[in-house]
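Colleague: Sharing input08.cif (mmCIF, C-alpha atoms) below.
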data_data
loop_
_atom_site.group_PDB
_atom_site.id
_atom_site.type_symbol
_atom_site.label_atom_id
_atom_site.label_comp_id
_atom_site.auth_asym_id
_atom_site.auth_seq_id
_atom_site.Cartn_x
_atom_site.Cartn_y
_atom_site.Cartn_z
ATOM 1 C CA MET A 213 -149.949 -20.923 -160.344
ATOM 2 C CA ALA A 214 -152.771 -22.624 -162.268
ATOM 3 C CA TYR A 215 -152.420 -25.597 -159.872
ATOM 4 C CA ILE A 216 -152.731 -23.350 -156.794
ATOM 5 C CA ILE A 217 -155.785 -21.596 -158.240
ATOM 6 C CA THR A 218 -157.557 -24.844 -159.158
ATOM 7 C CA MET A 219 -156.943 -26.099 -155.627
ATOM 8 C CA ASN A 220 -158.588 -23.035 -154.123
ATOM 9 C CA PRO A 221 -161.550 -21.468 -155.983
ATOM 10 C CA THR A 222 -161.462 -18.381 -153.749
ATOM 11 C CA LEU A 223 -158.004 -17.612 -155.145
ATOM 12 C CA ALA A 224 -159.472 -17.699 -158.652
ATOM 13 C CA LEU A 225 -162.114 -15.193 -157.566
ATOM 14 C CA MET A 226 -159.488 -12.951 -155.974
ATOM 15 C CA ALA A 227 -157.293 -13.212 -159.080
ATOM 16 C CA HIS A 228 -160.320 -12.186 -161.158
ATOM 17 C CA VAL A 229 -160.837 -9.041 -159.064
ATOM 18 C CA LEU A 230 -157.107 -8.254 -158.945
ATOM 19 C CA PHE A 231 -156.566 -8.569 -162.700
ATOM 20 C CA GLY A 232 -159.841 -6.759 -163.448
ATOM 21 C CA VAL A 233 -158.800 -3.746 -161.386
ATOM 22 C CA LEU A 234 -155.291 -3.929 -162.867
ATOM 23 C CA CYS A 235 -156.882 -3.804 -166.324
ATOM 24 C CA LEU A 236 -158.762 -0.628 -165.347
ATOM 25 C CA LEU A 237 -155.593 1.000 -163.958
ATOM 26 C CA ILE A 238 -153.536 0.141 -167.045
ATOM 27 C CA ALA A 239 -156.342 1.465 -169.288
ATOM 28 C CA VAL A 240 -156.247 4.828 -167.486
ATOM 29 C CA TRP A 241 -152.425 4.877 -167.631
ATOM 30 C CA LEU A 242 -152.565 4.126 -171.366
ATOM 31 C CA LEU A 243 -155.149 6.862 -171.889
ATOM 32 C CA VAL A 244 -152.758 9.424 -170.408
ATOM 33 C CA GLU A 245 -149.826 8.037 -172.425
ATOM 34 C CA THR A 246 -151.884 8.246 -175.616
ATOM 35 C CA LEU A 247 -153.006 11.815 -174.967
ATOM 36 C CA TYR A 248 -149.293 12.765 -174.922
ATOM 37 C CA ILE A 249 -148.154 10.320 -177.586
ATOM 38 C CA SER A 250 -144.885 10.844 -179.460
ATOM 39 C CA GLU A 251 -142.072 8.783 -180.937
ATOM 40 C CA ALA A 252 -140.632 8.675 -177.411
ATOM 41 C CA ASN A 253 -143.485 6.650 -175.858
ATOM 42 C CA ILE A 254 -145.075 4.804 -178.809
ATOM 43 C CA LYS A 255 -143.201 1.590 -177.961
ATOM 44 C CA ARG A 256 -144.427 1.803 -174.372
ATOM 45 C CA VAL A 257 -148.010 2.348 -175.587
ATOM 46 C CA ARG A 258 -147.831 -0.746 -177.798
ATOM 47 C CA SER A 259 -146.281 -2.859 -175.028
ATOM 48 C CA LEU A 260 -148.843 -1.653 -172.498
ATOM 49 C CA SER A 261 -151.646 -2.516 -174.951
ATOM 50 C CA LYS A 262 -150.433 -6.108 -175.016
ATOM 51 C CA ILE A 263 -150.032 -6.181 -171.222
ATOM 52 C CA LEU A 264 -153.555 -4.781 -170.788
ATOM 53 C CA SER A 265 -154.916 -7.443 -173.106
ATOM 54 C CA LEU A 266 -153.062 -10.204 -171.267
ATOM 55 C CA THR A 267 -154.200 -8.862 -167.885
ATOM 56 C CA LEU A 268 -157.859 -8.947 -168.817
ATOM 57 C CA TRP A 269 -157.518 -12.384 -170.415
ATOM 58 C CA ILE A 270 -156.056 -13.746 -167.147
ATOM 59 C CA GLY A 271 -158.837 -12.035 -165.168
ATOM 60 C CA TYR A 272 -161.442 -13.411 -167.555
ATOM 61 C CA LEU A 273 -160.117 -16.977 -167.469
ATOM 62 C CA SER A 274 -159.901 -17.030 -163.668
ATOM 63 C CA ALA A 275 -163.484 -15.674 -163.557
ATOM 64 C CA ALA A 276 -164.579 -18.316 -166.054
ATOM 65 C CA TYR A 277 -163.044 -21.054 -163.904
ATOM 66 C CA PHE A 278 -164.853 -19.818 -160.794
ATOM 67 C CA TYR A 279 -168.138 -19.027 -162.536
ATOM 68 C CA ILE A 280 -168.464 -22.304 -164.428
ATOM 69 C CA LEU A 281 -167.341 -24.671 -161.677
ATOM 70 C CA HIS A 282 -167.943 -22.928 -158.340
ATOM 71 C CA TYR A 283 -170.570 -20.167 -158.661
ATOM 72 C CA ALA A 284 -173.695 -22.381 -158.302
ATOM 73 C CA PRO A 285 -173.767 -22.395 -154.436
ATOM 74 C CA ASP A 286 -173.336 -18.585 -154.360
ATOM 75 C CA LYS A 287 -176.094 -18.214 -156.944
ATOM 76 C CA ALA A 288 -178.451 -20.307 -154.791
ATOM 77 C CA ILE A 289 -177.658 -18.147 -151.739
ATOM 78 C CA ILE A 290 -178.282 -14.929 -153.699
ATOM 79 C CA LEU A 291 -181.584 -16.145 -155.176
ATOM 80 C CA LYS A 292 -182.924 -17.252 -151.772
ATOM 81 C CA GLY A 293 -181.781 -14.036 -150.081
ATOM 82 C CA PRO A 294 -183.215 -10.502 -150.020
ATOM 83 C CA TRP A 295 -181.155 -9.377 -153.049
ATOM 84 C CA PRO A 296 -182.080 -11.790 -155.884
ATOM 85 C CA PHE A 297 -181.491 -8.964 -158.371
ATOM 86 C CA ALA A 298 -177.764 -9.272 -157.578
ATOM 87 C CA HIS A 299 -177.829 -12.371 -159.779
ATOM 88 C CA ASN A 300 -180.898 -11.835 -161.967
ATOM 89 C CA ILE A 301 -179.793 -8.418 -163.175
ATOM 90 C CA PHE A 302 -176.232 -7.596 -162.087
ATOM 91 C CA MET A 303 -174.596 -10.992 -162.652
ATOM 92 C CA GLU A 304 -176.472 -11.668 -165.892
ATOM 93 C CA VAL A 305 -175.615 -8.232 -167.301
ATOM 94 C CA LYS A 306 -171.994 -8.423 -166.127
ATOM 95 C CA GLU A 307 -171.273 -11.889 -167.481
ATOM 96 C CA HIS A 308 -172.477 -10.880 -170.948
ATOM 97 C CA VAL A 309 -171.171 -7.307 -171.136
ATOM 98 C CA VAL A 310 -167.656 -8.428 -170.140
ATOM 99 C CA ILE A 311 -167.576 -10.534 -173.306
ATOM 100 C CA MET A 312 -167.505 -7.185 -175.127
ATOM 101 C CA LEU A 313 -164.690 -6.112 -172.800
ATOM 102 C CA LEU A 314 -162.746 -9.226 -173.811
ATOM 103 C CA LEU A 315 -163.283 -8.328 -177.473
ATOM 104 C CA LEU A 316 -162.186 -4.727 -176.899
ATOM 105 C CA VAL A 317 -158.938 -5.718 -175.130
ATOM 106 C CA SER A 318 -158.224 -8.299 -177.835
ATOM 107 C CA TYR A 319 -158.650 -5.561 -180.436
ATOM 108 C CA LEU A 320 -156.478 -3.007 -178.604
ATOM 109 C CA PRO A 321 -153.037 -4.382 -179.660
ATOM 110 C CA ILE A 322 -154.305 -4.474 -183.268
ATOM 111 C CA ALA A 323 -155.402 -0.825 -183.082
ATOM 112 C CA ALA A 324 -152.046 0.035 -181.449
ATOM 113 C CA LYS A 325 -150.188 -1.138 -184.573
ATOM 114 C CA SER A 326 -151.547 1.858 -186.532
ATOM 115 C CA ASP A 327 -149.515 5.038 -186.790
ATOM 116 C CA LEU A 328 -150.810 6.610 -183.582
ATOM 117 C CA VAL A 329 -148.275 9.458 -183.648
ATOM 118 C CA GLN A 330 -149.023 10.850 -187.122
ATOM 119 C CA ASN A 331 -152.552 9.619 -187.821
ATOM 120 C CA ALA A 332 -155.119 11.521 -185.716
ATOM 121 C CA ASP A 333 -157.992 9.213 -186.759
ATOM 122 C CA ALA A 334 -156.046 6.136 -185.665
ATOM 123 C CA ARG A 335 -155.319 7.882 -182.368
ATOM 124 C CA LYS A 336 -159.008 8.736 -181.866
ATOM 125 C CA LEU A 337 -159.986 5.126 -182.557
ATOM 126 C CA PHE A 338 -157.400 3.907 -180.043
ATOM 127 C CA ILE A 339 -158.554 6.392 -177.386
ATOM 128 C CA THR A 340 -162.190 5.433 -178.021
ATOM 129 C CA VAL A 341 -161.453 1.737 -177.511
ATOM 130 C CA LEU A 342 -159.433 2.531 -174.377
ATOM 131 C CA SER A 343 -162.251 4.699 -172.991
ATOM 132 C CA LEU A 344 -164.786 1.927 -173.609
ATOM 133 C CA ILE A 345 -162.473 -0.554 -171.858
ATOM 134 C CA ALA A 346 -162.069 1.743 -168.832
ATOM 135 C CA PHE A 347 -165.827 2.470 -168.733
ATOM 136 C CA ILE A 348 -166.920 -1.180 -168.939
ATOM 137 C CA ALA A 349 -164.177 -2.325 -166.510
ATOM 138 C CA PHE A 350 -165.324 0.320 -164.017
ATOM 139 C CA PHE A 351 -168.948 -0.857 -164.209
ATOM 140 C CA ALA A 352 -167.929 -4.531 -164.096
ATOM 141 C CA ASP A 353 -166.028 -3.782 -160.885
ATOM 142 C CA GLY A 354 -169.095 -2.103 -159.355
ATOM 143 C CA PHE A 355 -171.413 -4.878 -160.512
ATOM 144 C CA GLY A 356 -169.034 -7.415 -158.950
ATOM 145 C CA GLY A 357 -169.379 -5.526 -155.670
ATOM 146 C CA VAL A 358 -173.192 -5.780 -155.832
ATOM 147 C CA ILE A 359 -172.962 -9.531 -156.567
ATOM 148 C CA GLY A 360 -170.649 -9.993 -153.566
ATOM 149 C CA MET A 361 -173.122 -8.028 -151.414
ATOM 150 C CA GLY A 362 -175.914 -10.237 -152.741
ATOM 151 C CA VAL A 363 -174.146 -13.297 -151.314
ATOM 152 C CA LYS A 364 -173.487 -11.468 -148.021
ATOM 153 C CA MET A 365 -177.139 -10.395 -147.702
ATOM 154 C CA GLY A 366 -178.249 -13.949 -148.426
ATOM 155 C CA LEU A 367 -175.966 -15.359 -145.740
ATOM 156 C CA LEU A 368 -177.013 -12.714 -143.185
ATOM 157 C CA ALA A 369 -180.681 -13.488 -143.793
ATOM 158 C CA LYS A 370 -180.181 -17.168 -142.873
ATOM 159 C CA MET B 171 -138.535 4.828 -201.766
ATOM 160 C CA GLN B 172 -138.198 4.095 -198.062
ATOM 161 C CA SER B 173 -140.937 6.642 -197.357
ATOM 162 C CA THR B 174 -143.299 4.889 -199.819
ATOM 163 C CA SER B 175 -142.579 1.551 -198.192
ATOM 164 C CA GLN B 176 -143.213 3.005 -194.735
ATOM 165 C CA SER B 177 -146.472 4.553 -195.952
ATOM 166 C CA GLN B 178 -147.654 1.210 -197.391
ATOM 167 C CA SER B 179 -146.746 -0.542 -194.142
ATOM 168 C CA SER B 180 -148.667 2.090 -192.151
ATOM 169 C CA GLU B 181 -151.696 1.677 -194.448
ATOM 170 C CA GLY B 182 -151.523 -2.099 -193.982
ATOM 171 C CA LYS B 183 -151.602 -1.712 -190.196
ATOM 172 C CA SER B 184 -154.540 0.724 -190.435
ATOM 173 C CA SER B 185 -156.394 -1.690 -192.720
ATOM 174 C CA CYS B 186 -155.991 -4.348 -190.009
ATOM 175 C CA ALA B 187 -157.421 -1.879 -187.493
ATOM 176 C CA ILE B 188 -160.346 -1.257 -189.881
ATOM 177 C CA SER B 189 -161.007 -4.955 -190.623
ATOM 178 C CA TYR B 190 -160.867 -6.081 -187.005
ATOM 179 C CA GLY B 191 -162.686 -2.894 -185.909
ATOM 180 C CA ILE B 192 -165.646 -3.801 -188.109
ATOM 181 C CA ALA B 193 -165.455 -7.388 -186.818
ATOM 182 C CA LEU B 194 -165.431 -6.049 -183.247
ATOM 183 C CA ALA B 195 -168.559 -3.975 -183.868
ATOM 184 C CA VAL B 196 -170.374 -6.922 -185.477
ATOM 185 C CA ALA B 197 -169.318 -9.312 -182.685
ATOM 186 C CA CYS B 198 -170.552 -6.873 -179.990
ATOM 187 C CA LEU B 199 -173.969 -6.712 -181.624
ATOM 188 C CA LEU B 200 -174.159 -10.479 -182.192
ATOM 189 C CA ASN B 201 -173.167 -10.986 -178.554
ATOM 190 C CA ALA B 202 -176.315 -9.118 -177.467
ATOM 191 C CA VAL B 203 -178.492 -10.864 -180.066
ATOM 192 C CA LEU B 204 -177.243 -14.240 -178.823
ATOM 193 C CA VAL B 205 -178.182 -13.268 -175.238
ATOM 194 C CA VAL B 206 -181.805 -12.693 -176.267
ATOM 195 C CA LEU B 207 -181.827 -15.756 -178.535
ATOM 196 C CA LYS B 208 -180.553 -18.191 -175.912
ATOM 197 C CA GLU B 209 -182.847 -16.795 -173.202
ATOM 198 C CA LYS B 210 -185.891 -16.942 -175.469
ATOM 199 C CA SER B 211 -185.137 -20.256 -177.132
ATOM 200 C CA PRO B 212 -184.680 -23.255 -174.775
ATOM 201 C CA ALA B 213 -183.391 -25.326 -177.718
ATOM 202 C CA THR B 214 -180.598 -22.823 -178.388
ATOM 203 C CA LEU B 215 -179.692 -22.693 -174.692
ATOM 204 C CA ALA B 216 -179.654 -26.496 -174.491
ATOM 205 C CA TRP B 217 -177.437 -26.710 -177.568
ATOM 206 C CA MET B 218 -175.062 -24.104 -176.136
ATOM 207 C CA LYS B 219 -174.841 -26.021 -172.851
ATOM 208 C CA HIS B 220 -174.227 -29.253 -174.727
ATOM 209 C CA ALA B 221 -171.537 -27.786 -177.011
ATOM 210 C CA THR B 222 -168.982 -26.935 -174.295
ATOM 211 C CA GLY B 223 -170.638 -27.940 -171.032
ATOM 212 C CA HIS B 224 -171.708 -24.372 -170.192
ATOM 213 C CA HIS B 225 -173.764 -21.902 -172.229
ATOM 214 C CA TRP B 226 -171.541 -18.982 -171.244
ATOM 215 C CA ALA B 227 -168.378 -20.740 -172.444
ATOM 216 C CA THR B 228 -170.056 -21.414 -175.801
ATOM 217 C CA HIS B 229 -171.269 -17.814 -175.897
ATOM 218 C CA THR B 230 -167.725 -16.506 -175.318
ATOM 219 C CA LEU B 231 -166.163 -18.845 -177.889
ATOM 220 C CA PHE B 232 -168.827 -18.012 -180.487
ATOM 221 C CA THR B 233 -168.286 -14.262 -180.041
ATOM 222 C CA LEU B 234 -164.492 -14.602 -180.169
ATOM 223 C CA ALA B 235 -164.765 -16.761 -183.303
ATOM 224 C CA ILE B 236 -166.889 -14.071 -184.975
ATOM 225 C CA PHE B 237 -164.370 -11.375 -184.031
ATOM 226 C CA PHE B 238 -161.188 -13.181 -185.093
ATOM 227 C CA GLY B 239 -162.789 -15.026 -188.040
ATOM 228 C CA LEU B 240 -164.567 -12.047 -189.559
ATOM 229 C CA GLY B 241 -161.582 -9.776 -188.884
ATOM 230 C CA PHE B 242 -159.255 -12.183 -190.674
ATOM 231 C CA ILE B 243 -161.612 -12.593 -193.648
ATOM 232 C CA LEU B 244 -162.163 -8.828 -193.965
ATOM 233 C CA SER B 245 -158.411 -8.147 -193.813
ATOM 234 C CA LYS B 246 -157.934 -10.426 -196.837
ATOM 235 C CA THR B 247 -160.600 -8.724 -198.967
ATOM 236 C CA ASN B 248 -159.869 -6.076 -201.593
ATOM 237 C CA GLN B 249 -156.586 -7.783 -202.561
ATOM 238 C CA GLY B 250 -155.309 -7.736 -198.991
ATOM 239 C CA ARG B 251 -156.040 -4.040 -198.473
ATOM 240 C CA GLY B 252 -159.169 -4.723 -196.411
ATOM 241 C CA PRO B 253 -162.520 -2.926 -196.576
ATOM 242 C CA SER B 254 -162.557 0.565 -198.087
ATOM 243 C CA ALA B 255 -163.843 2.174 -194.878
ATOM 244 C CA ASP B 256 -162.072 4.937 -192.999
ATOM 245 C CA LEU B 257 -160.974 4.937 -189.370
ATOM 246 C CA LYS B 258 -163.503 7.638 -188.431
ATOM 247 C CA SER B 259 -166.497 5.585 -189.525
ATOM 248 C CA VAL B 260 -165.078 2.469 -187.833
ATOM 249 C CA THR B 261 -164.718 4.466 -184.593
ATOM 250 C CA SER B 262 -168.381 5.557 -184.813
ATOM 251 C CA LEU B 263 -169.464 1.997 -185.619
ATOM 252 C CA ILE B 264 -167.636 0.598 -182.593
ATOM 253 C CA ILE B 265 -169.095 3.205 -180.208
ATOM 254 C CA ARG B 266 -172.607 2.693 -181.594
ATOM 255 C CA ASN B 267 -172.536 -1.102 -181.489
ATOM 256 C CA VAL B 268 -170.938 -1.356 -178.039
ATOM 257 C CA ILE B 269 -173.596 0.991 -176.620
ATOM 258 C CA ILE B 270 -176.459 -0.771 -178.440
ATOM 259 C CA GLY B 271 -175.120 -4.169 -177.336
ATOM 260 C CA ALA B 272 -174.815 -3.106 -173.697
ATOM 261 C CA VAL B 273 -178.274 -1.480 -173.710
ATOM 262 C CA ILE B 274 -179.925 -4.577 -175.227
ATOM 263 C CA ILE B 275 -178.338 -6.798 -172.552
ATOM 264 C CA PHE B 276 -179.222 -4.447 -169.687
ATOM 265 C CA VAL B 277 -182.815 -3.813 -170.845
ATOM 266 C CA TYR B 278 -183.390 -7.513 -171.422
ATOM 267 C CA TYR B 279 -182.310 -8.616 -167.940
ATOM 268 C CA ALA B 280 -183.666 -5.565 -166.090
ATOM 269 C CA PHE B 281 -187.074 -5.280 -167.734
ATOM 270 C CA VAL B 282 -187.885 -8.252 -170.002
ATOM 271 C CA ASP B 283 -186.543 -11.428 -168.351
#
Would you give me this structure, written as structure tokens?

Modeller:
Amino acid sequence: MAYIITMNPTLALMAHVLFGVLCLLIAVWLLVETLYISEANIKRVRSLSKILSLTLWIGYLSAAYFYILHYAPDKAIILKGPWPFAHNIFMEVKEHVVIMLLLLVSYLPIAAKSDLVQNADARKLFITVLSLIAFIAFFADGFGGVIGMGVKMGLLAK
Amino acid sequence: MQSTSQSQSSEGKSSCAISYGIALAVACLLNAVLVVLKEKSPATLAWMKHATGHHWATHTLFTLAIFFGLGFILSKTNQGRGPSADLKSVTSLIIRNVIIGAVIIFVYYAFVD
């Protein structure tokens, strides 16, 4: 899979979007599971926490591959086009705020190890981290849309 | 006896959540500070580019190192019991620092840069 992605940068970009959205969906699913947590679903919550973490890591690494090696031409198109803010604000903010998202998803499986069923404070911490993940992932998705539009506007203006 | 053992195990897992929670909050804040630092200091930006080939890769690795490194160190303090903070205050710290970090980054690129 890594070979296929490195052969086609667009696939890396699509994988980034796919895994990013998947991360958001799993975060919402986990939120609901945690609101109704019991001994019956605690194992699922812990497994899903690890899956969510892995999902975002894959999305992040595929984004890193595209951004570091293949984003420069898109950046030039955006900056010469009518929407330079798509890079100057949206891309710059996104690329640095998602580092916090990576930290939050890396922390999630650690927070999931606490006694979420009996300990209300541990549960609140877990729900807080999940909410922050969902919130940031939602905005990252929207910001990605603006960046994509920035490239489109730049190409249309040519 | 089994109940005591289970309670100690549960405390140990919560202490990990506390240690790495504090590390998470610190790393989120340092992430934003590093954004301003590298944008304001060409020498820092050049060093970050030189370190891994791309400033953003260095930025990510630095932030992850702070999170995992500080979390590990904190979890070993207090004879392995971790910091004597409670989960409530760690929750507040995480919310506060994530919001402050995000606001610093947004305000910097939207209004300062």

Colleague: Taking only C-alpha atoms into account, find every residue of chain A that has an atom no more than 10 Å from chain B, and write it out as a ChimeraX atom specification.

Modeller: /A:276,279-281,297,300-316,318-328,331-341,344,348

Colleague: Could you tell me how far CA of Glu245 in chain A sits from CA of Ser261 in chain A, in Å to one decimal place?

Modeller: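 About the pair CA of Ser261 in chain A and CA of Glu245 in chain A: they are 11.0 Å apart.
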
Colleague: Quick one: distance from CA of Val203 in chain B to CA of Thr222 in chain B in Å, one decimal?

Modeller: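 Answer for the CA of Val203 in chain B to CA of Thr222 in chain B separation: 19.5 Å.
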
Colleague: Kindly give the distance, in Å, that separates CA of Ala298 in chain A and CA of Met361 in chain A, rounded to a single decimal.

Modeller: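 Taking CA of Ala298 in chain A and CA of Met361 in chain A, their separation equals 7.8 Å.
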
Colleague: From the options A:Ala252, A:Val240, A:Leu247, A:Ala275, which residue's atoms come nearest to Leu225 in chain A, counting all atoms listed in the file?

Modeller: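 Closest to Leu225 in chain A, using all atoms listed in the file: A:Ala275.
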
Colleague: Env of Gln330 in chain A: 10 Å cut, atoms = only C-alpha atoms, seq-sep filter 5 positions within chain, self excluded. Answer as a list in words.

Modeller: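 So the residues in contact are Ile249, Ser250, Glu251 and Arg335 of chain A.
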
Colleague: Save the residues we just selected, C-alpha atoms, as a PDB file, in the coordinates of the input?

Modeller:
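For reference, part-v3.pdb as written:
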ATOM      1  CA  ILE A 249    -148.154  10.320-177.586  1.00  0.00           C
ATOM      2  CA  SER A 250    -144.885  10.844-179.460  1.00  0.00           C
ATOM      3  CA  GLU A 251    -142.072   8.783-180.937  1.00  0.00           C
ATOM      4  CA  ARG A 335    -155.319   7.882-182.368  1.00  0.00           C
TER       5      ARG A 335
END

Colleague: Just checking: using only C-alpha atoms, which residue out of A:Leu273, A:Ile254, A:Ile263, A:Leu291 ends up closest to Ile238 in chain A?

Modeller: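 Smallest separation from Ile238 in chain A among the options: A:Ile263.
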
Colleague: Quick one: which residues end up in the PyMOL selection byres ((chain A and resi 367) around 12) for this structure, as a list of chain:residue names?

Modeller: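 In the shown coordinates, the PyMOL selection byres ((chain A and resi 367) around 12) covers A:Pro285, A:Asp286, A:Lys287, A:Ala288, A:Ile289, A:Ile290, A:Leu291, A:Lys292, A:Gly293, A:Pro294, A:Trp295, A:Gly360, A:Met361, A:Gly362, A:Val363, A:Lys364, A:Met365, A:Gly366, A:Leu368, A:Ala369, A:Lys370.
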
Colleague: Write a file of the selected residues as a PDB file, in the coordinates of the input, keeping C-alpha atoms.

Modeller:
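What ended up in out_36.pdb:
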ATOM      1  CA  PRO A 285    -173.767 -22.395-154.436  1.00  0.00           C
ATOM      2  CA  ASP A 286    -173.336 -18.585-154.360  1.00  0.00           C
ATOM      3  CA  LYS A 287    -176.094 -18.214-156.944  1.00  0.00           C
ATOM      4  CA  ALA A 288    -178.451 -20.307-154.791  1.00  0.00           C
ATOM      5  CA  ILE A 289    -177.658 -18.147-151.739  1.00  0.00           C
ATOM      6  CA  ILE A 290    -178.282 -14.929-153.699  1.00  0.00           C
ATOM      7  CA  LEU A 291    -181.584 -16.145-155.176  1.00  0.00           C
ATOM      8  CA  LYS A 292    -182.924 -17.252-151.772  1.00  0.00           C
ATOM      9  CA  GLY A 293    -181.781 -14.036-150.081  1.00  0.00           C
ATOM     10  CA  PRO A 294    -183.215 -10.502-150.020  1.00  0.00           C
ATOM     11  CA  TRP A 295    -181.155  -9.377-153.049  1.00  0.00           C
ATOM     12  CA  GLY A 360    -170.649  -9.993-153.566  1.00  0.00           C
ATOM     13  CA  MET A 361    -173.122  -8.028-151.414  1.00  0.00           C
ATOM     14  CA  GLY A 362    -175.914 -10.237-152.741  1.00  0.00           C
ATOM     15  CA  VAL A 363    -174.146 -13.297-151.314  1.00  0.00           C
ATOM     16  CA  LYS A 364    -173.487 -11.468-148.021  1.00  0.00           C
ATOM     17  CA  MET A 365    -177.139 -10.395-147.702  1.00  0.00           C
ATOM     18  CA  GLY A 366    -178.249 -13.949-148.426  1.00  0.00           C
ATOM     19  CA  LEU A 368    -177.013 -12.714-143.185  1.00  0.00           C
ATOM     20  CA  ALA A 369    -180.681 -13.488-143.793  1.00  0.00           C
ATOM     21  CA  LYS A 370    -180.181 -17.168-142.873  1.00  0.00           C
TER      22      LYS A 370
END

Colleague: Specify as a list of chain:residue names each residue included when the PyMOL selection byres ((chain A and resi 241) around 12) is applied to this file.

Modeller: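 On the file shown, the PyMOL selection byres ((chain A and resi 241) around 12) covers A:Leu234, A:Cys235, A:Leu236, A:Leu237, A:Ile238, A:Ala239, A:Val240, A:Leu242, A:Leu243, A:Val244, A:Glu245, A:Thr246, A:Leu247, A:Tyr248, A:Arg256, A:Val257, A:Leu260, A:Ser261, A:Ile263, A:Leu264, A:Ile339, A:Leu342, A:Ser343, A:Ala346.
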